[in-house]
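Asker: Quick one: the structure is below, questions incoming.
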Amino acid sequence: MLINHPLLGPRDAAEFTYLGDACLIERPDPDAKDAAERFLEYGYLRDNVAGEMRELWYHEQGDRSWLVVTRDTLTHEITRVEIARDVARERGRST
Amino acid sequence: MSQTNRIAKGLIDTSRTVDFTFNGRAMQGHAGDTLASALLANGQLLVGRSFKYHRPRGIFTAGSEEPNALVHLRDGARQEPNTRATVAELYDGLTATSQNHRGSLEHDLMAVTDLMSPFLSAGFYYKTFMWPRAFWEKLYEPAIRASAGLGRLSMEDDPDTYDKGYLHCDLLVIGAGPAGLSAALAGGRSGARVILADEDFRMGGRLNAETLAVDDMPGSAWTEAALAELRAMPNVRLMTRTTIYGAYDHGVYGALERVTDHLPDPGVKPRQVLWRIYSRRAVLAAGATERPIAFGNNDRPGIMLAGAVRTYVNRYGVTPGQTMAVFTNNDDGWRTAADLAAKGVDVRAIVDTRDRAAVCDVPGARHIRGAAVMDTVGRKALKSITLTDGQVIPCDALAVSGGWNPTVHLTCHQRGKPEWNEAIDAFVPGAHLPAGMVVAGAANGQLTLAAALDEGRKAANAQLKDLGFTPSRKPGPKAEDEPREGAPVWYVPESRKRAWLDLQNDVTVKDIKQAHRENFRSVEHMKRYTTLGMATDQGKTSNIPALAIMAKCTGKSIPETGTTIFRPPYTPVPIGALAGRARGRDFRPYRLTPSHEWAKANGATFVEVGNWLRAQWFVRPGEKGWRDSVDREALQTRQTVGICDVTTLGKIEIQGRDAAAFLNKVYANGFAKLPVGRIRYGIMLREDGICYDDGTTARMGENHFVMTTTTANAVLVFRRMEFARQCLWPDMDVHLISTTDGWAQFAVAGPKSRDLLRKVVDKEHDISNDAFPFMACGEVTVCGGTPARLFRISFSGELAFEVAVPARYGNDMMRVLMEAGREFDAVPYGTEALGVMRIEKGHAAGNELDGRTTAHNLGLGRMVSAAKDCIGKTLSQRPELQRDDAVKLVGFRPVDRSRNLIAGSHFISQGRDAVMANDEGWMSSVAWSPSLGHSIGLGFIRSGDARMGEVVRAVSPVHDTEMQVEITSPHFIDPQGERLRA
Amino acid sequence: MRYSALRILKEGLTGNKGWKPAWRDPEPKREYDVVVIGGGGHGLATAYYLAREYGITNVAVLEKGWIGSGNVGRNTTIIRSNYLLPGNEPFYELSLKLWEGLEQDLNYNAMISQRSILNLVHSDAQRDAFIRRGNAMFLAGADAEYADADQLRRELPFLDFDNARFPIRGGLYQRRGGTVRHDAVAWGYARAADARGVDIIQNCEVTGFDIEDGTCRGVETTRGPIRARKVAMCVAGSSGRVAALAGMRLPIESHVLQAFVTEGLKPVLPGVITFGAGHFYVSQSDKGGLVFGGDIDGYNSYAQRGNLPVVEDVCEGGMAIMPMIGRARLLRSWGGVMDMSMDGSPFIDRTHIDGLYFNGGWCYGGFKATPASGWCYAHLLARDAPHPVAAEMRLDRFRRGHMIDEKGVGAQPNLH
């Protein structure tokens with residue numbers, strides 16, 4: 001597979017390490033009343049999409065960027081690659 | 001033996017004679033021959049035995065689809081089993097032997113199985129060999145295994161080397177037949193970077209096998225001209241002997257180039273190169289594979305596909321027989337007869353299943369219309385054929401044509417399904433092709449020459465336009481389309497004798513019918529039950545006829561019946577080639593510590609720790625075993641001072657205004673209030689609340705920390721921290737860099753460690769206990785100005801420091817430390833003594849942090865700060881992780897002090913049975929403590945912290961042993977920690 | 001029709017024309033006591049044990065394609081019970097015991113061959129971990145044997161002892177481990193279940209669940225609605241997709257695992273060998289092919305195919321421990337979709353919907369579990385209580401914090 005790194009252009013997927021669903025960006029608020037429940041879902045439940053999925057790849061043998069890759073799990077086609085930090089900020093994550 | 005069947009020059013170099021042997025018999029061929037063509041030239045029709053019935057078999061095809069003619073090529077360590085004679089290039093001194101027979105090839109004792117065949121039909125082994133039960137492994141299975149299998153491995157290490165390479169191109173053209181050459185010419189002329197790959201050693205595909213003309217030249221001559229033009233283009237790479245074996249995601253193709261397989265000896269070159277080709281676009285021009293018609297006893301030596309006969313006649317100048325017959329259901333078979341007759345071979349008959357006029361005139365041949373071959377005679381060589389009308393035609397070779405199947409394999413490697421094309425009665429590539437691929441020529445169902453040439457060019461041009469290239473205006477090659485009509489005939493129902501489909505695995509029409517009878521009707525069930533298509537040829541010539549027969553049985557159409565799945569590789573690839581150079585000591589790179597050279601020169605024995613090599617111990621003269629060395633190193637460290645290279649521990653620099661806040665997130669305990677110049681031990685949890693890693697982190701400045709991780713987790717911790725930094729808290733001002741390889745770090749441990757370091761650390765740095773107490777850190781200089789970092793931390797439990805210098809000084813630093821330590825009797829110590837001392841001190845390490853243990857288990861539960869959030873905190877509070885009776889880390893010593901504890905023992909309370917229900921924990925680490933004079937251990941046992949002094953059983957049934965052990969504190973040495981604060 | 005040597009003789013003498021279908025192809029009835037979704041090894045075994053152990057024969061097994069088309073049809077055929085944790089080991093040992101009597105039970109030769117499995121050891125820490133595991137196996141009634149390097153050198157001289165990057169220091173044997181002809185397991189269970197009245201319905205895909213007031217009353221299929229008192233999901237590899245039809249999210253990701261076979265060879269390997277310092281395990285089939293595999297590709301996928309880096313990584317592992325296979329040719333590679341669970345261990349449990357049950361999450365190790373999975377699932381379906389050896393394989397174990405994490409890598413499926 002090839003991942004079109006937004007900064008570095010197309011790179012072989014073997015340079016990357018895979019983590020999983022991009023929902024892992026959305027770590028729950030530890031102070032919320034239902035934090036225990038939210039963390040269980042965050043830690044253990046997955047949509048496991050058959051189709052287009054947003055997922056986290058880490059350019060470990062490269063620039064160390066975490067990327068959010070939109071990839072079809074049925075065909076492996078990649079339609080979008082974003083810098084994960086930008087995505088995290090869009091989702092309201094900060095400090 | 002002379003080349004009795006050599007009838008013409010063909011495209012081989014008859015001026016060069018090549019000597020080879022088959023089964024020890026000396027034969028001769030010519031440069032440009034394959035082993036198969038040379039065997040045929042020598043009249044060697046019998047070349048092998050089939051898998052199941054050990055039937056005599058000859059050469060069936062002229063390409064990589066060959067099911068029959070498999071041999072051992074070469075001998076000794078280079079013996080290569082199951083090599084297709086049809087693709088093995090002849091070289092001087094080649095040795096080949098036939099395989100899969102007991103006794104000689106001519107008199108195979110295993111042929112008795114053929115007589116038993118009524119009892120060995122499809123799936124017979126699922127129905128018997130069950131009684132008595134123990135006989136399967138003892139009797140039946142060994143017998144089956146001995147007779148199954150094909151060729152033999154030498155059992156010696158493969159002596160050859162294999163390389164890997166990576167290529168990039170705009171257009172990959174797969175197959176150098178008419179369509180591929182036409183596509184490559186279009187690509188090359190447009191200026192695109194083109195790779196043209198072909199599995200053959202001579203490009204041209206069927207152009208070399210036919211007598212057809214292109215641009216008014218013989219096909220092979222046109223091929224030469226086209227290749228000459230392509231060779232002259234700097235943007236075109238021609239790869240002969242290169243099989244594109246797999247189509248992978250995003251335009252990546254796997255290719256195997258056979259670099260020296262055609263040479264007597266590879267010399268300094270690799271045997272093969274495994275290429276990964278990154279293509280922007282691809283044209284698949286893989287051609288088509290001829291299929292047979294099944295009839296009684298259609299497996300005899302001398303029976304060959306009609307297209308293969310033309311290849312042998314036209315390209316190699318060899319005829320498979322002196323008196324030939326042709327059996328066909330289509331026009332194409334007629335050309336075989338015509339080509340044979342043109343070379344003067346006696347063609348007795350053309351048997352056409354169709355009741356129609358002759359396609360062309362074949363001098364001397366009878367045209368038998370609307371008939372079929374239903375049986376043959378001649379066990380080791382064909383003698384005659386019997387037709388459905390009863391007439392017997394003597395002949396010593398028969399060419400069979402059942403039509404052509406487009407070679408769609410690579411179009412299906414990404415789960416695309418081929419589609420049935422009624423016009424040619426064959427599957428053609430379906431709509432879902434691998435991204436970037438188009439198909440052209442015979443592979444796309446264009447089975448005639450002009451159409452293939454035209455489609456190759458057009459397909460390439462369409463791809464080139466998409467890529468922004470301007471296609472050349474030069475006209476494409478011109479040729480005529482040959483007649484190619486046919487009728488769908490798959491087998492001859494009048495056959496009384498077994499009619500073979502899969503020649504190698506001995507699957508017959510009867511087997512398919514039986515599979516249908518037993519409800520193995522799905523095409524996958526049929527394959528798996530009968531083993532059809534599972535041999536080394538993967539059913540290239542047998543799958544389609546078989547599923548046509550199954551379709552007839554079920555009353556479904558062929559497309560409804562469907563195909564089995566085409567999987568990579570297209571043709572088999574040696575494991576050695578896929579592994580490349582990554583074998584032996586080069587399997588993985590070595591990481592060497594900065595003091596490796598010093599250690600090597602000073603008696604170190606090394607041990608693999610991940611990819612690192614670390615000094616395990618240092619042997620001194622007179623020491624009889626490793627224990628002598630380790631005991632000495634540990635004792636002397638505790639008595640004077642020892643030095644150990646600890647560079648392999650992960651080091652992460654953490655800087656930024658939010659560095660402290662960031663550490664508070666990734667460590668379970670707090671770091672925000674750690675003063676500058678001080679170090680803290682930290683534990684890190686995974687988000688699931690389990691302990692992940694531990695280590696120390698030093699605050700070098702307000703916004704600057706240096707973290708250490710365990711050796712094993714260095715990469716993983718860094719990855720996880722980058723995740724936290726970029727994805728969880730993206731606006732924190734914090735930056736990370738891994739400096740594991742940047743700093744050489746040494747533990748200097750023992751009561752004399754400060755004295756030693758005073759000689760090394762420059763005088764302006766006060767390292768007295770007051771100025772530099774336990775858990776202090778700082779930037780210093782050593783040896784007169786070399787920058788260094790000093791940490792007062794201790795894994796051994798002694799007064800100890802770790803000193804770090806830039807890695808390039810590492811080897812010298814080790815030497816300097818040892819020289820400075822000479823007056824104190826300093827010793828270098830290795831990982832083994834390190835382990836002994838950490839167990840004596842009760843420090844957890846990898847055996848304790850096994851990814852399942854919690855801070856609670858480790859007795860560190862209180863370190864998980866209640867005052868702040870951290871990764872893993874919420875989920876660490878789940879009930880099962882906080883049980884009062886959870887296992888706890890404690891120490892163990894044998895009641896009988898003379899006995900050695902066993903790591904991996906399980907703990908059972910007194911008086912209980914050693915069964916899983918009574919399992920209370922396990923011994924994680926053991927060592928012989930030279931300080932205490934007996935064996936000690938660390939381990940986990942239920943409620944261990946409340947059971948001090950209790951004696952339990954430590955059982956190790958693997959060793960058939962058990963012993964009484966006493967639960968103790970894990971801190972065997974200096975439990976109050978006075979030494980390390982001294 | 002009972003299979004025997006005599007029957008083969010008789011049929012052989014009469015042209016093999018008297019063989020009967022191994023299972024029927026019935027039309028689906030409108031209602032069953034139990035509908036098992038998934039005609040793989042586990043589903044067929046479940047149906048068989050429901051009929052044999054509990055007399056529940058009004059059972060349908062619904063298969064969207066052909067039976068055995070999932071992972072029972074594409075695995076590397078290994079059976080073993082060399083697990084560490086109490087939540088796993090007794091279950092797998094039950095499975096191994098059931099394998100040992102399976103062929104006589106089913107009257108079907110699945111070529112169960114207890115040729116042994118060996119896990120090679122390359123470091124002291126690995127040795128300690130394997131000793132701990134071997135002892136756990138003993139405590140659960142299984143067998144284990146630790147062999148040192150000298151013993152292995154005698155038994156397996158073709159391993160690379162002298163030039164290895166990671167020297168072989170020993171290995172843990174389970175002599176009762178081995179291999180099985182995988183397709184035959186599906187066929188054997190299907191035939192035996194069919195003989196006891198179970199309806200095996202191929203080409204029947206479940207498209208929805210009939211759930212009323214929190215109770216599952218049946219399924220919608222491509223061959224019409226089928227009602228059932230109990231509906232049992234058994235579709236590892238497709239668990240996420242099928243469970244989604246019931247509105248469930250699972251602690252499972254789908255990943256691709258590739259496997260490989262070489263051309264047929266005369267016998268070279270005595271048993272199953274796994275490399276402890278790389279990703280490679282291998283055995284030799286009765287037909288002579290070396291059957292081998294390694295790690296999963298590592299990314300979520302339903303594509304049933306993988307990519308080159310893993311192919312090469314696996315072959316590197318092979319050449320690293322047995323360089324004599326260099327000239328053996330890889331004949332075929334394939335990919336299967338794995339239910340990779342969050343702790344690497346499976347589930348056999350009720351769901352929060354009454355009448356709907358779940359069996360899945362087998363990661364890359366479901367084949368060896370086939371008999372015990374069917375046995376325990378049948379127990380759960382018949383008794384509405386978990387079988388004791390599968391009692392920890394619950395969906396709520398993450399909530400409780402009772403993970404069954406053999407590898408100790410936590411909630412990241414691609415690491416298990």
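Each chain in the structure tokens gets a letter, A, B, ..., in the order shown, and its residues are numbered from 1; ligands are numbered from 1 in order too.
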Give the helix (DSSP H, G or I) residues of range 185-313 of chain C, as assigned by DSSP on the backbone, as a PyMOL selection string.

Answerer: chain C and resi 185-195+239-245+308-313

Asker: Can you build me a table of chain B residues sitting at most 6 Å from chain A, with the closest atom pair per residue and its distance in Å to one decimal, using only C-alpha atoms, sorted by chain and residue number, as a tab-separated table?

Answerer:
```
residue	atom	partner	partner_atom	distance
B:Asp249	CA	A:Met1	CA	5.0
B:His250	CA	A:Met1	CA	5.6
B:Gln726	CA	A:Arg85	CA	4.9
B:Cys727	CA	A:Arg85	CA	5.3
B:Leu728	CA	A:Ile25	CA	5.8
B:Trp729	CA	A:Thr95	CA	4.6
B:Pro730	CA	A:Ser94	CA	5.4
B:Asp731	CA	A:Ser94	CA	4.7
B:Met732	CA	A:Thr95	CA	5.1
```

Asker: Could you write those residues out with C-alpha atoms, as a PDB file, in the first residue's frame?

Answerer:
```
ATOM      1  CA  ASP B 249      -2.549  -2.559  -3.516  1.00  0.00           C
ATOM      2  CA  HIS B 250      -2.079   0.838  -5.111  1.00  0.00           C
ATOM      3  CA  GLN B 726      -0.079  15.030  18.525  1.00  0.00           C
ATOM      4  CA  CYS B 727      -3.515  13.484  18.915  1.00  0.00           C
ATOM      5  CA  LEU B 728      -4.664  13.866  22.513  1.00  0.00           C
ATOM      6  CA  TRP B 729      -3.166  17.171  23.614  1.00  0.00           C
ATOM      7  CA  PRO B 730      -2.216  18.825  20.325  1.00  0.00           C
ATOM      8  CA  ASP B 731      -1.810  22.306  21.763  1.00  0.00           C
ATOM      9  CA  MET B 732       0.572  21.432  24.553  1.00  0.00           C
TER      10      MET B 732
END
```

Asker: In terms of the shortest atom-to-atom distance over only C-alpha atoms, which of B:Gln504, B:Thr448, B:Thr34, B:Gln636 is closest to Thr541 in chain B?

Answerer: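 Nearest candidate to Thr541 in chain B out of B:Gln504, B:Thr448, B:Thr34, B:Gln636: B:Gln504.
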
Asker: Set the distance at 8 Å and use only C-alpha atoms: which residues neighbour Gly87 in chain C once local chain neighbours fewer than 6 positions away are removed? I'd like the list as a PDB file with N, CA and C atoms, in the first residue's frame.

Answerer:
```
ATOM      1  N   VAL C 389     -15.679 -24.320  31.321  1.00  0.00           N
ATOM      2  CA  VAL C 389     -14.370 -23.967  30.738  1.00  0.00           C
ATOM      3  C   VAL C 389     -14.438 -22.723  29.866  1.00  0.00           C
ATOM      4  N   ALA C 390     -15.652 -22.283  29.556  1.00  0.00           N
ATOM      5  CA  ALA C 390     -15.782 -21.062  28.745  1.00  0.00           C
ATOM      6  C   ALA C 390     -16.384 -19.924  29.573  1.00  0.00           C
ATOM      7  N   ALA C 391     -16.367 -20.106  30.879  1.00  0.00           N
ATOM      8  CA  ALA C 391     -17.077 -19.152  31.736  1.00  0.00           C
ATOM      9  C   ALA C 391     -16.463 -17.762  31.703  1.00  0.00           C
ATOM     10  N   GLU C 392     -15.175 -17.680  31.365  1.00  0.00           N
ATOM     11  CA  GLU C 392     -14.540 -16.352  31.336  1.00  0.00           C
ATOM     12  C   GLU C 392     -14.701 -15.666  29.979  1.00  0.00           C
ATOM     13  N   MET C 393     -15.225 -16.393  29.015  1.00  0.00           N
ATOM     14  CA  MET C 393     -15.268 -15.828  27.657  1.00  0.00           C
ATOM     15  C   MET C 393     -16.523 -14.977  27.486  1.00  0.00           C
ATOM     16  N   ILE C 404      -8.456 -11.426  29.259  1.00  0.00           N
ATOM     17  CA  ILE C 404      -7.712 -12.677  29.046  1.00  0.00           C
ATOM     18  C   ILE C 404      -6.679 -12.358  27.965  1.00  0.00           C
TER      19      ILE C 404
END
```

Asker: Restrict the calculation to only C-alpha atoms, then for each residue of chain B with any atom at most 6 Å from an atom of chain C give the closest atom pair and their distance in Å to one decimal, rows by chain and rising residue number, as a Markdown table.

Answerer:
```
| residue | atom | partner | partner_atom | distance |
| --- | --- | --- | --- | --- |
| B:Glu80 | CA | C:Arg327 | CA | 5.9 |
| B:Pro118 | CA | C:Gly12 | CA | 4.6 |
| B:Phe119 | CA | C:Gly12 | CA | 4.8 |
| B:Tyr126 | CA | C:Asn109 | CA | 4.4 |
| B:Lys127 | CA | C:Tyr3 | CA | 5.0 |
| B:Thr128 | CA | C:Ser4 | CA | 5.3 |
| B:Arg145 | CA | C:Asp286 | CA | 5.3 |
| B:Ala148 | CA | C:Lys287 | CA | 5.3 |
| B:Gly149 | CA | C:Gly288 | CA | 4.2 |
| B:Leu150 | CA | C:Leu265 | CA | 4.9 |
| B:Gly151 | CA | C:Leu265 | CA | 5.1 |
| B:Arg152 | CA | C:Lys266 | CA | 5.3 |
| B:Met155 | CA | C:Met324 | CA | 5.3 |
| B:Glu156 | CA | C:Met324 | CA | 5.1 |
| B:Asp157 | CA | C:Met324 | CA | 4.0 |
| B:Asp158 | CA | C:Gly326 | CA | 5.4 |
| B:Tyr248 | CA | C:Asn307 | CA | 6.0 |
| B:Arg517 | CA | C:Pro21 | CA | 6.0 |
| B:Glu518 | CA | C:Pro21 | CA | 3.7 |
| B:Asn519 | CA | C:Pro21 | CA | 4.9 |
| B:Thr536 | CA | C:Glu263 | CA | 5.5 |
| B:Pro568 | CA | C:Ser333 | CA | 5.7 |
| B:Pro569 | CA | C:Arg332 | CA | 5.9 |
| B:Pro572 | CA | C:Leu331 | CA | 4.5 |
| B:Val573 | CA | C:Arg329 | CA | 4.9 |
| B:Pro574 | CA | C:Arg329 | CA | 3.9 |
| B:Ile575 | CA | C:Gly326 | CA | 5.0 |
| B:Gly576 | CA | C:Gly326 | CA | 3.9 |
| B:Leu578 | CA | C:Glu312 | CA | 5.2 |
| B:Ala579 | CA | C:Glu316 | CA | 4.2 |
| B:Ala582 | CA | C:Glu316 | CA | 5.7 |
| B:Arg583 | CA | C:Ala320 | CA | 4.6 |
| B:Gly584 | CA | C:Ala164 | CA | 4.9 |
| B:Arg585 | CA | C:Arg165 | CA | 4.1 |
| B:Phe587 | CA | C:Ala320 | CA | 6.0 |
| B:Gly851 | CA | C:Gly408 | CA | 4.0 |
| B:Arg852 | CA | C:Gly408 | CA | 5.2 |
| B:Arg878 | CA | C:Gly401 | CA | 5.3 |
| B:Pro879 | CA | C:Arg400 | CA | 5.8 |
| B:Glu880 | CA | C:Gly401 | CA | 5.0 |
| B:Leu881 | CA | C:Gly401 | CA | 5.8 |
| B:Ala903 | CA | C:Asp128 | CA | 5.4 |
| B:Gly904 | CA | C:Arg132 | CA | 3.6 |
| B:Ser905 | CA | C:Arg132 | CA | 6.0 |
| B:Val915 | CA | C:Leu139 | CA | 4.3 |
| B:Met916 | CA | C:Leu139 | CA | 4.7 |
| B:Ser956 | CA | C:Asn135 | CA | 5.8 |
| B:Pro957 | CA | C:Asn135 | CA | 5.7 |
| B:Val958 | CA | C:Asn135 | CA | 5.7 |
```

Asker: Closest to chain A among C:Ala244, C:Phe280, C:His379, C:His387, using only C-alpha atoms?

Answerer: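 Among C:Ala244, C:Phe280, C:His379, C:His387, it is C:Ala244 that comes nearest to chain A.
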
Asker: Would you kindly return, as a PyMOL selection string, each protein, DNA or RNA residue with an atom no farther than 12 Å from any atom of Pro475 in chain B, considering only C-alpha atoms and excluding same-chain residues fewer than 6 positions away?

Answerer: chain B and resi 182+185-186+189+215+453-454+457-458

Asker: Could you save those same residues with C-alpha atoms as a short mmCIF file (atom, residue, chain, number, x, y, z; two decimals), in the first residue's frame?

Answerer:
```cif
data_model
loop_
_atom_site.label_atom_id
_atom_site.label_comp_id
_atom_site.auth_asym_id
_atom_site.auth_seq_id
_atom_site.Cartn_x
_atom_site.Cartn_y
_atom_site.Cartn_z
CA SER B 182 2.57 -3.10 -28.97
CA LEU B 185 6.16 0.56 -28.06
CA ALA B 186 3.33 3.02 -27.52
CA ARG B 189 7.42 6.35 -27.90
CA ASP B 215 4.16 -5.71 -40.77
CA LEU B 453 -1.67 -5.75 -31.45
CA ASP B 454 -4.31 -3.10 -31.80
CA ARG B 457 -1.46 -0.04 -28.37
CA LYS B 458 -4.85 1.46 -27.54
#
```

Asker: Please run DSSP on the backbone and report, as a VMD selection string, all residues within range 149-254 of chain C that come out as strand (DSSP E).

Answerer: chain C and resid 170 to 174 178 to 179 199 to 201 206 to 212 215 to 221 226 to 234 252 to 254

Asker: Can I get the selected residues back with N, CA and C atoms, as a tab-separated table (two decimals), in the first residue's frame?

Answerer:
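Final output, saved to again.tsv:
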```tsv
chain	number	residue	atom	x	y	z
C	170	GLY	N	16.32	-23.47	23.03
C	170	GLY	CA	15.47	-24.55	23.52
C	170	GLY	C	14.11	-24.41	22.90
C	171	GLY	N	13.16	-25.11	23.48
C	171	GLY	CA	11.82	-24.99	22.95
C	171	GLY	C	10.81	-25.71	23.82
C	172	LEU	N	9.59	-25.26	23.75
C	172	LEU	CA	8.51	-25.93	24.48
C	172	LEU	C	7.70	-26.77	23.51
C	173	TYR	N	7.69	-28.06	23.76
C	173	TYR	CA	6.90	-28.99	22.95
C	173	TYR	C	5.53	-29.21	23.56
C	174	GLN	N	4.55	-29.33	22.72
C	174	GLN	CA	3.35	-30.04	23.13
C	174	GLN	C	3.20	-31.19	22.15
C	178	GLY	N	-0.70	-30.70	16.89
C	178	GLY	CA	-0.49	-31.23	15.55
C	178	GLY	C	-1.32	-30.51	14.52
C	179	THR	N	-1.75	-31.27	13.53
C	179	THR	CA	-2.49	-30.67	12.42
C	179	THR	C	-3.72	-31.52	12.08
C	199	ASP	N	-30.82	-28.95	9.67
C	199	ASP	CA	-30.90	-28.44	8.30
C	199	ASP	C	-29.71	-27.52	8.02
C	200	ILE	N	-28.93	-27.89	7.05
C	200	ILE	CA	-27.81	-27.03	6.63
C	200	ILE	C	-28.24	-26.31	5.37
C	201	ILE	N	-28.33	-24.99	5.48
C	201	ILE	CA	-28.90	-24.21	4.38
C	201	ILE	C	-27.84	-23.28	3.83
C	206	VAL	N	-28.05	-13.97	6.15
C	206	VAL	CA	-28.88	-13.23	7.10
C	206	VAL	C	-28.75	-11.74	6.80
C	207	THR	N	-29.90	-11.09	6.65
C	207	THR	CA	-29.90	-9.67	6.29
C	207	THR	C	-30.46	-8.81	7.42
C	208	GLY	N	-31.00	-9.44	8.46
C	208	GLY	CA	-31.53	-8.66	9.57
C	208	GLY	C	-32.02	-9.56	10.68
C	209	PHE	N	-32.28	-8.94	11.82
C	209	PHE	CA	-32.82	-9.69	12.96
C	209	PHE	C	-34.23	-9.22	13.25
C	210	ASP	N	-35.04	-10.15	13.68
C	210	ASP	CA	-36.41	-9.83	14.07
C	210	ASP	C	-36.41	-9.66	15.60
C	211	ILE	N	-36.28	-8.43	16.03
C	211	ILE	CA	-36.16	-8.16	17.46
C	211	ILE	C	-37.38	-7.37	17.92
C	212	GLU	N	-38.14	-7.96	18.89
C	212	GLU	CA	-39.32	-7.28	19.44
C	212	GLU	C	-39.12	-7.12	20.93
C	215	THR	N	-36.28	-8.77	22.57
C	215	THR	CA	-36.15	-10.22	22.41
C	215	THR	C	-36.01	-10.55	20.92
C	216	CYS	N	-35.06	-11.42	20.64
C	216	CYS	CA	-34.84	-11.80	19.25
C	216	CYS	C	-35.74	-12.98	18.92
C	217	ARG	N	-36.54	-12.83	17.87
C	217	ARG	CA	-37.51	-13.88	17.53
C	217	ARG	C	-37.21	-14.55	16.20
C	218	GLY	N	-36.13	-14.14	15.57
C	218	GLY	CA	-35.79	-14.79	14.31
C	218	GLY	C	-34.91	-13.90	13.46
C	219	VAL	N	-34.73	-14.32	12.22
C	219	VAL	CA	-33.85	-13.57	11.32
C	219	VAL	C	-34.54	-13.35	9.97
C	220	GLU	N	-34.10	-12.30	9.31
C	220	GLU	CA	-34.47	-12.09	7.91
C	220	GLU	C	-33.31	-12.65	7.08
C	221	THR	N	-33.64	-13.33	6.00
C	221	THR	CA	-32.57	-13.88	5.17
C	221	THR	C	-32.88	-13.63	3.70
C	226	ILE	N	-37.01	-16.35	8.88
C	226	ILE	CA	-37.01	-17.62	9.61
C	226	ILE	C	-37.13	-17.28	11.08
C	227	ARG	N	-38.13	-17.86	11.73
C	227	ARG	CA	-38.30	-17.59	13.16
C	227	ARG	C	-37.52	-18.63	13.97
C	228	ALA	N	-37.14	-18.21	15.16
C	228	ALA	CA	-36.38	-19.13	16.00
C	228	ALA	C	-36.54	-18.74	17.45
C	229	ARG	N	-36.51	-19.73	18.31
C	229	ARG	CA	-36.55	-19.43	19.75
C	229	ARG	C	-35.22	-18.84	20.18
C	230	LYS	N	-34.17	-19.36	19.58
C	230	LYS	CA	-32.85	-18.83	19.91
C	230	LYS	C	-32.07	-18.63	18.61
C	231	VAL	N	-31.36	-17.53	18.56
C	231	VAL	CA	-30.54	-17.23	17.38
C	231	VAL	C	-29.09	-17.12	17.84
C	232	ALA	N	-28.23	-17.86	17.19
C	232	ALA	CA	-26.84	-17.96	17.63
C	232	ALA	C	-25.91	-17.44	16.54
C	233	MET	N	-25.31	-16.28	16.76
C	233	MET	CA	-24.32	-15.76	15.81
C	233	MET	C	-23.04	-16.58	15.96
C	234	CYS	N	-22.48	-16.92	14.82
C	234	CYS	CA	-21.25	-17.73	14.84
C	234	CYS	C	-20.50	-17.44	13.55
C	252	ILE	N	-14.22	-5.81	18.92
C	252	ILE	CA	-13.57	-6.62	17.87
C	252	ILE	C	-13.23	-5.72	16.68
C	253	GLU	N	-12.08	-5.96	16.08
C	253	GLU	CA	-11.75	-5.37	14.79
C	253	GLU	C	-11.49	-6.50	13.80
C	254	SER	N	-11.74	-6.21	12.53
C	254	SER	CA	-11.49	-7.22	11.49
C	254	SER	C	-10.12	-6.95	10.85
```

Asker: At a cut-off of 6 Å, using only C-alpha atoms, what residues contact range 698-703 of chain B? Leave out same-chain residues fewer than 5 positions from it and give the result as a list of chain:residue names.

Answerer: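 So the residues in contact are B:Gln655, B:Gly656, B:Arg657, B:Ala659, B:Val676, B:Gly677, B:Arg678, B:Ile679.
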
Asker: Which residue gives the smallest distance to chain C among A:Cys23, A:Val49, A:Ala32, A:Leu8, with only C-alpha atoms counted?

Answerer: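 Once distances to chain C are computed over only C-alpha atoms, the minimum belongs to A:Val49.
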
Asker: Got a sec: who's within 10 Å of range 479-482 of chain B, counting only C-alpha atoms, leaving out chain neighbours fewer than 4 positions off, as JSON, numbers by chain?

Answerer: {"B": [212, 213, 214, 215, 216, 217, 219, 331, 332, 335, 447, 448, 449, 450, 451, 452, 453, 454]}
